[in-house]
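Student: Sharing a structure here in structure tokens format.
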Amino acid sequence: MVSEVVRMSEEGLPPETIVNKMRDSETVYRLSAAQLAQLHDQGVQDQVINYMQETYLNAVRREQDLADWSTREMWRDHFW
């Protein structure tokens, strides 16, 4: 949860610790540019913000890979 990330940042936890907690939770953060800027203004370090962005980009890539795989499987039998 975003508020928990802000809280951990305010408590002075190292960015690596925060990122590890987010990784363990497997949360995907879909944040707007304004939300990302607000996190920065609230003292969340860049390493943490970058990881939050990566969670969404990686989720989109996984979904696209699955869609591509399904399409290939659907057409595979028709060509061989």
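Within each chain, counting starts at residue 1; across the structure tokens, chains are named A, B, ... in the order shown, with ligands numbered 1 upward in that order.
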Which residues, written as an MDAnalysis selection string, have at least one atom at most 9 Å from Arg30 of chain A, with only C-alpha atoms counted and residues fewer than 5 positions away on the same chain left out?
Tutor: chainID A and resid 52:53 55:57
Student: Can I get the selection written as a PDB file, in the first residue's frame, with N, CA, C and O atoms?
Tutor:
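Wrote part34.pdb, looks like this:
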ATOM      1  N   MET A  52       8.595   0.923  -7.699  1.00  0.00           N
ATOM      2  CA  MET A  52       7.136   0.964  -7.814  1.00  0.00           C
ATOM      3  C   MET A  52       6.722   1.034  -9.278  1.00  0.00           C
ATOM      4  O   MET A  52       5.787   0.339  -9.699  1.00  0.00           O
ATOM      5  N   GLN A  53       7.418   1.852 -10.066  1.00  0.00           N
ATOM      6  CA  GLN A  53       7.119   1.942 -11.496  1.00  0.00           C
ATOM      7  C   GLN A  53       7.397   0.605 -12.187  1.00  0.00           C
ATOM      8  O   GLN A  53       6.633   0.188 -13.052  1.00  0.00           O
ATOM      9  N   THR A  55       7.134  -2.365 -11.036  1.00  0.00           N
ATOM     10  CA  THR A  55       6.130  -3.401 -10.767  1.00  0.00           C
ATOM     11  C   THR A  55       5.019  -3.354 -11.803  1.00  0.00           C
ATOM     12  O   THR A  55       4.549  -4.397 -12.265  1.00  0.00           O
ATOM     13  N   TYR A  56       4.600  -2.149 -12.179  1.00  0.00           N
ATOM     14  CA  TYR A  56       3.533  -2.025 -13.165  1.00  0.00           C
ATOM     15  C   TYR A  56       4.024  -2.401 -14.561  1.00  0.00           C
ATOM     16  O   TYR A  56       3.353  -3.148 -15.276  1.00  0.00           O
ATOM     17  N   LEU A  57       5.208  -1.923 -14.925  1.00  0.00           N
ATOM     18  CA  LEU A  57       5.755  -2.249 -16.247  1.00  0.00           C
ATOM     19  C   LEU A  57       5.947  -3.763 -16.397  1.00  0.00           C
ATOM     20  O   LEU A  57       5.637  -4.330 -17.440  1.00  0.00           O
TER      21      LEU A  57
END
Student: Between atom CA of Asn58 of chain A and atom CA of Leu13 of chain A, what is the spacing in Å?
Tutor: 24.8 Å
Student: Calculate how many Å separate atom CA of Glu26 of chain A from atom CA of Leu66 of chain A, rounding to one decimal.
Tutor: 18.4 Å
Student: Report the distance between atom CA of Ala37 of chain A and atom CA of Pro14 of chain A in Å, rounded to one decimal place.
Tutor: 19.6 Å
Student: Apply DSSP to the structure's backbone, then extract all residues of chain A labelled helix (DSSP H, G or I) and return them as a PyMOL selection string.
Tutor: chain A and resi 2-10+15-25+33-41+46-79
Student: Measuring between only C-alpha atoms, which one of A:Val6, A:Met1, A:Ala67, A:Ala59 shows the shortest distance to His40 of chain A?
Tutor: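 Distance minimum relative to His40 of chain A lands on A:Val6.
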Student: Give the answer as one residue: which of A:Val60, A:Ile49, A:Glu54, A:Gly12 has the shortest atom-to-atom distance to Gln35 of chain A, using only C-alpha atoms?
Tutor: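 Closest residue, counting only C-alpha atoms: A:Ile49.
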Student: Would you pick out the contacts of Gln42 of chain A at 10 Å or less, using only C-alpha atoms, so that residues sharing its chain but fewer than 4 positions from it are not included, and give the list as number ranges by chain?
Tutor: A: 6-7, 9-10, 36-38
Student: Suppose we keep all heavy atoms; can you now write the selection as a short mmCIF file (atom, residue, chain, number, x, y, z; two decimals), in the first residue's frame?
Tutor:
data_model
loop_
_atom_site.label_atom_id
_atom_site.label_comp_id
_atom_site.auth_asym_id
_atom_site.auth_seq_id
_atom_site.Cartn_x
_atom_site.Cartn_y
_atom_site.Cartn_z
N VAL A 6 5.14 5.33 2.24
CA VAL A 6 5.43 6.67 2.75
C VAL A 6 5.81 6.59 4.23
O VAL A 6 6.80 7.20 4.66
CB VAL A 6 4.24 7.63 2.53
CG1 VAL A 6 4.47 8.97 3.22
CG2 VAL A 6 3.98 7.83 1.04
N ARG A 7 5.06 5.82 5.00
CA ARG A 7 5.34 5.68 6.43
C ARG A 7 6.74 5.12 6.66
O ARG A 7 7.51 5.63 7.47
CB ARG A 7 4.30 4.79 7.09
CG ARG A 7 4.52 4.61 8.61
CD ARG A 7 3.59 3.57 9.22
NE ARG A 7 3.68 2.27 8.59
CZ ARG A 7 4.68 1.39 8.76
NH1 ARG A 7 5.69 1.68 9.53
NH2 ARG A 7 4.66 0.22 8.15
N SER A 9 9.26 5.25 4.67
CA SER A 9 10.23 6.26 4.27
C SER A 9 10.39 7.31 5.35
O SER A 9 11.51 7.73 5.68
CB SER A 9 9.81 6.92 2.96
OG SER A 9 9.83 5.98 1.91
N GLU A 10 9.27 7.74 5.93
CA GLU A 10 9.31 8.75 7.00
C GLU A 10 10.04 8.22 8.23
O GLU A 10 10.67 8.98 8.96
CB GLU A 10 7.90 9.19 7.37
CG GLU A 10 7.24 10.04 6.31
CD GLU A 10 5.78 10.33 6.59
OE1 GLU A 10 5.16 9.64 7.45
OE2 GLU A 10 5.23 11.24 5.93
N LEU A 36 3.50 9.90 -8.47
CA LEU A 36 4.93 9.66 -8.34
C LEU A 36 5.64 10.92 -7.84
O LEU A 36 6.51 10.84 -6.96
CB LEU A 36 5.51 9.21 -9.68
CG LEU A 36 5.03 7.83 -10.15
CD1 LEU A 36 5.43 7.60 -11.60
CD2 LEU A 36 5.56 6.73 -9.26
N ALA A 37 5.25 12.08 -8.36
CA ALA A 37 5.84 13.34 -7.90
C ALA A 37 5.51 13.59 -6.44
O ALA A 37 6.36 14.06 -5.67
CB ALA A 37 5.34 14.49 -8.78
N GLN A 38 4.29 13.27 -6.05
CA GLN A 38 3.88 13.46 -4.66
C GLN A 38 4.70 12.56 -3.73
O GLN A 38 5.12 13.00 -2.65
CB GLN A 38 2.39 13.15 -4.50
CG GLN A 38 1.87 13.40 -3.10
CD GLN A 38 0.39 13.12 -2.98
OE1 GLN A 38 -0.20 12.41 -3.80
NE2 GLN A 38 -0.23 13.68 -1.96
#
